[in-house]
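Asker: Right, I'll just put the structure down here and ask away after.
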Amino acid sequence: MFDIQEKVSRSIVDALKIKLSSGEIEKISERLIDNVQAYDCYLRAKRDIFECTPDALKRALRDLEAGLSVLGDNVLLNQGMAEVYLHYYEYGFKSDEETLQKAEEYTRKVIRLKPKSAEGYYLLGRIERFRGSVIKAIGYFRSALATDPNHSSALLFLANGLGLHAGKPRLAEPLLARLREIDPLTPLFLFVSGYIQLLDGKPDHALLTFQYMINMEPDLAAFGKFAIAISLAWQGRYDEVFRLADESISRWPDDNVALWTLAFKYALQGEKKKALDTFTDKAREFFWNDPEVPWFGASLFALVDEKEEALRWLEHSVDRGWINYPVFAERSPFFANIRGEERFKKLMERVKYEWEHFEA
């Protein structure tokens, strides 16, 4: 199978009369997994990692461990193991120090096997998102792509960091276009695309993108419905938000984003106690720890007029790398009642400076 793959690649190069660099020639003949059984384990695990449910991640671990038992230490299989634990942490399934340490353990194995590799830089960026700042993580993802311009996961997370956290959607667009070309069946790029469209002031486009993502991958529906609810609320379409929140909590009663969506509904209805009670300690821990969503926690508290708590969450978001000044200072309708606070204005001075000077 691997011989056929290489021969087809070389035949295409010859037919198109393309002159390859030494690095590109090496890339064609490189086989990070040269055992068909182990490669099958890796592909199945990769699919389950993208599905990202507890059961799917459990299957991914089983397949990756089977691949390692066949092949021994391997860069891609160890990368897969690290990604599983990072997903456990990021999506709130096992958000503890032990899980992050397991991710670091497999990352060290990747770096030992292949120093300065795209895989190693990518994983260091993922860990930095939790240990420190998404803005700092952007440097690791750029290093990964300097080594391998087609590293799909690094493309996804770099586009995410640039378009969302840094508030630079124009820098993210070519990365997403490239990702769509090389890995069109990965639905997470649609989530990032839709999210960027929303924060760039295009909620109609975002709604279509999120719905397309759900159609492509129903197992991502909880996140998709959450995103759709925010997009609808952005436009003032509250009745649709309320129906969506009820549907989500009915289908996923213990899901953190479904709980937030229901709490969001109560906040929009002016039901402060219900909103705070529904946003459980478990859901709050998930939103606080995840690099993407703490500012949604701030939005919820702002909507129920818990200004001090909203500002605490917003400050935490900025510390984690959210410097999207246009969204916080102008676009988001959820911060209307805290924009007059001195603490908010002071924070925005910092955010504006970092946002304006980011590219330099």
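Residues in the structure tokens are numbered from 1 in each chain, the chains being A, B, ... in the order shown, and ligands are numbered from 1 in the order shown.
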Per residue of stretch 307-337 of chain A within 10 Å of stretch 152-171 of chain A, record the nearest atom pair and its distance in Å to one decimal, counting only C-alpha atoms, with rows in chain order and ascending residue number, as a Markdown table.
Answerer:
```
| residue | atom | partner | partner_atom | distance |
| --- | --- | --- | --- | --- |
| A:Ser317 | CA | A:His165 | CA | 9.3 |
| A:Val318 | CA | A:His165 | CA | 8.8 |
| A:Arg320 | CA | A:His165 | CA | 9.0 |
| A:Gly321 | CA | A:His165 | CA | 6.1 |
| A:Trp322 | CA | A:His165 | CA | 4.4 |
| A:Ile323 | CA | A:Ala166 | CA | 5.3 |
| A:Asn324 | CA | A:Gly167 | CA | 4.2 |
| A:Tyr325 | CA | A:Gly167 | CA | 7.0 |
| A:Pro326 | CA | A:Gly167 | CA | 7.4 |
| A:Val327 | CA | A:Gly167 | CA | 8.0 |
```
Asker: For the residues selected in the previous step, produce a file with C-alpha atoms as a compact mmCIF listing (two decimals), in the first residue's frame.
Answerer:
```txt
# COMPACT_ATOMS: atom_id res chain seq x y z
CA SER A 317 -10.10 35.40 29.34
CA VAL A 318 -7.60 38.14 28.54
CA ARG A 320 -5.50 33.28 28.64
CA GLY A 321 -4.84 35.13 25.40
CA TRP A 322 -8.14 36.70 24.35
CA ILE A 323 -7.20 40.10 22.92
CA ASN A 324 -10.08 40.41 20.44
CA TYR A 325 -10.69 44.09 21.10
CA PRO A 326 -13.47 44.67 18.52
CA VAL A 327 -15.61 41.91 20.02
```
Asker: Which residues are close to A:Phe286, i.e. within 9 Å by only C-alpha atoms, leaving aside same-chain residues fewer than 6 positions away? Reply as a ChimeraX atom specification.
Answerer: /A:90-93,95,256-257,293-294
Asker: Next, write the just-selected residues to a file, as a JSON list (two decimals), in the first residue's frame, keeping C-alpha atoms as the atom set.
Answerer:
```
[["chain", "number", "residue", "atom", "x", "y", "z"],
["A", 90, "GLU", "CA", -9.98, 20.50, 26.91],
["A", 91, "TYR", "CA", -13.52, 19.15, 26.68],
["A", 92, "GLY", "CA", -13.94, 18.72, 30.42],
["A", 93, "PHE", "CA", -14.01, 14.91, 30.54],
["A", 95, "SER", "CA", -9.69, 18.22, 33.42],
["A", 256, "ASN", "CA", -21.47, 21.37, 29.99],
["A", 257, "VAL", "CA", -22.25, 23.40, 26.88],
["A", 293, "VAL", "CA", -14.94, 29.82, 26.17],
["A", 294, "PRO", "CA", -14.28, 31.67, 29.46]]
```
Asker: Might you pull out every residue within 12 Å of A:Met216, with only C-alpha atoms counted and same-chain residues fewer than 6 positions away left off, and present them as a VMD selection string?
Answerer: chain A and resid 51 184 to 191 209 to 210 224
Asker: Mind writing the picked residues with C-alpha atoms as an mmCIF file, in the first residue's frame?
Answerer:
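So the final result, stored in result.cif, reads:
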```cif
data_model
loop_
_atom_site.group_PDB
_atom_site.id
_atom_site.type_symbol
_atom_site.label_atom_id
_atom_site.label_comp_id
_atom_site.auth_asym_id
_atom_site.auth_seq_id
_atom_site.Cartn_x
_atom_site.Cartn_y
_atom_site.Cartn_z
ATOM 1 C CA GLU A 51 -15.489 12.854 17.183
ATOM 2 C CA PRO A 184 -12.008 18.589 3.731
ATOM 3 C CA LEU A 185 -13.642 15.868 5.808
ATOM 4 C CA THR A 186 -12.509 17.319 9.136
ATOM 5 C CA PRO A 187 -15.605 19.091 10.509
ATOM 6 C CA LEU A 188 -13.788 21.076 13.195
ATOM 7 C CA PHE A 189 -12.530 23.563 10.619
ATOM 8 C CA LEU A 190 -16.194 24.467 10.073
ATOM 9 C CA PHE A 191 -16.590 25.216 13.778
ATOM 10 C CA THR A 209 -21.557 27.194 8.679
ATOM 11 C CA PHE A 210 -22.522 25.737 12.064
ATOM 12 C CA GLY A 224 -22.945 23.192 17.090
#
```
Asker: Considering only C-alpha atoms, return as a PyMOL selection string whatever protein or nucleic-acid residues lie within 12 Å of A:Ala267, sequence-local ones (same chain, fewer than 6 positions apart) excluded.
Answerer: chain A and resi 233+238+241-242+245+260-261+273-279+297+299-306+334
Asker: Once you have the residues from the selection above, write them out as a short mmCIF file (atom, residue, chain, number, x, y, z; two decimals), in the first residue's frame, restricted to N, CA and C atoms.
Answerer:
```cif
data_model
loop_
_atom_site.label_atom_id
_atom_site.label_comp_id
_atom_site.auth_asym_id
_atom_site.auth_seq_id
_atom_site.Cartn_x
_atom_site.Cartn_y
_atom_site.Cartn_z
N ALA A 233 -28.78 34.68 19.28
CA ALA A 233 -28.91 35.73 20.30
C ALA A 233 -28.22 37.01 19.84
N TYR A 238 -34.40 35.72 20.10
CA TYR A 238 -34.41 35.04 21.38
C TYR A 238 -35.34 33.83 21.42
N VAL A 241 -33.58 30.92 20.28
CA VAL A 241 -32.59 30.50 21.28
C VAL A 241 -33.26 29.66 22.36
N PHE A 242 -34.42 30.09 22.81
CA PHE A 242 -35.11 29.39 23.89
C PHE A 242 -35.47 27.96 23.45
N ALA A 245 -32.26 25.86 23.32
CA ALA A 245 -31.76 25.52 24.65
C ALA A 245 -32.54 24.35 25.23
N TRP A 260 -24.80 25.38 29.84
CA TRP A 260 -24.58 26.82 29.64
C TRP A 260 -25.65 27.40 28.73
N THR A 261 -26.01 26.67 27.68
CA THR A 261 -27.02 27.18 26.74
C THR A 261 -28.36 27.38 27.43
N LYS A 273 -31.81 33.81 39.05
CA LYS A 273 -31.54 32.66 39.93
C LYS A 273 -31.47 31.36 39.13
N LYS A 274 -32.41 31.19 38.21
CA LYS A 274 -32.40 29.98 37.39
C LYS A 274 -31.12 29.90 36.55
N ALA A 275 -30.70 31.04 36.03
CA ALA A 275 -29.48 31.05 35.21
C ALA A 275 -28.26 30.64 36.04
N LEU A 276 -28.11 31.21 37.23
CA LEU A 276 -26.95 30.90 38.06
C LEU A 276 -27.00 29.47 38.59
N ASP A 277 -28.18 28.98 38.92
CA ASP A 277 -28.31 27.60 39.40
C ASP A 277 -28.01 26.59 38.29
N THR A 278 -28.41 26.92 37.07
CA THR A 278 -28.22 25.99 35.95
C THR A 278 -26.76 25.93 35.52
N PHE A 279 -26.05 27.06 35.66
CA PHE A 279 -24.63 27.08 35.34
C PHE A 279 -23.88 26.46 36.51
N GLY A 297 -18.57 32.66 29.74
CA GLY A 297 -18.95 32.73 31.15
C GLY A 297 -19.13 34.18 31.57
N SER A 299 -19.98 36.59 29.65
CA SER A 299 -21.22 37.06 29.00
C SER A 299 -22.43 36.72 29.84
N LEU A 300 -22.47 35.50 30.35
CA LEU A 300 -23.61 35.06 31.15
C LEU A 300 -23.76 35.91 32.40
N PHE A 301 -22.64 36.12 33.10
CA PHE A 301 -22.71 36.91 34.34
C PHE A 301 -23.06 38.37 34.04
N ALA A 302 -22.60 38.89 32.92
CA ALA A 302 -22.96 40.26 32.56
C ALA A 302 -24.46 40.37 32.29
N LEU A 303 -25.02 39.38 31.63
CA LEU A 303 -26.44 39.42 31.30
C LEU A 303 -27.34 39.41 32.54
N VAL A 304 -26.87 38.76 33.63
CA VAL A 304 -27.68 38.72 34.85
C VAL A 304 -27.23 39.80 35.85
N ASP A 305 -26.42 40.73 35.38
CA ASP A 305 -26.01 41.90 36.15
C ASP A 305 -25.10 41.55 37.33
N GLU A 306 -24.36 40.44 37.20
CA GLU A 306 -23.31 40.11 38.17
C GLU A 306 -22.01 40.71 37.63
N PHE A 334 -23.54 41.15 24.54
CA PHE A 334 -23.70 40.61 25.89
C PHE A 334 -22.97 41.42 26.96
#
```
Asker: Give me, please, the distance in Å between atom CA of A:Pro291 and atom CA of A:Glu97, quoted to one decimal.
Answerer: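 For atom CA of A:Pro291 relative to atom CA of A:Glu97, the distance reads 15.7 Å.
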Asker: As a ChimeraX atom specification, please: every residue in stretch 228-327 of chain A that DSSP puts in helix (DSSP H, G or I).
Answerer: /A:228-234,238-251,256-268,272-278,281-289,294-303,307-319,325-327
Asker: So, with only C-alpha atoms as the atoms that count, which of A:Ala310, A:Ala103, A:Ala118, A:Ala360 lies closest to A:Arg339?
Answerer: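 Checking each of A:Ala310, A:Ala103, A:Ala118, A:Ala360 against A:Arg339, counting only C-alpha atoms, the winner is A:Ala310.
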Asker: Counting only C-alpha atoms, which of A:Ala227, A:Ala222, A:Ile12, A:Leu64 gets nearest to A:Ser193?
Answerer: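 Closest to A:Ser193, using only C-alpha atoms: A:Ala227.
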Asker: Do you have the atom CA of A:Arg62-atom CA of A:Ile33 distance handy?
Answerer: 17.3 Å
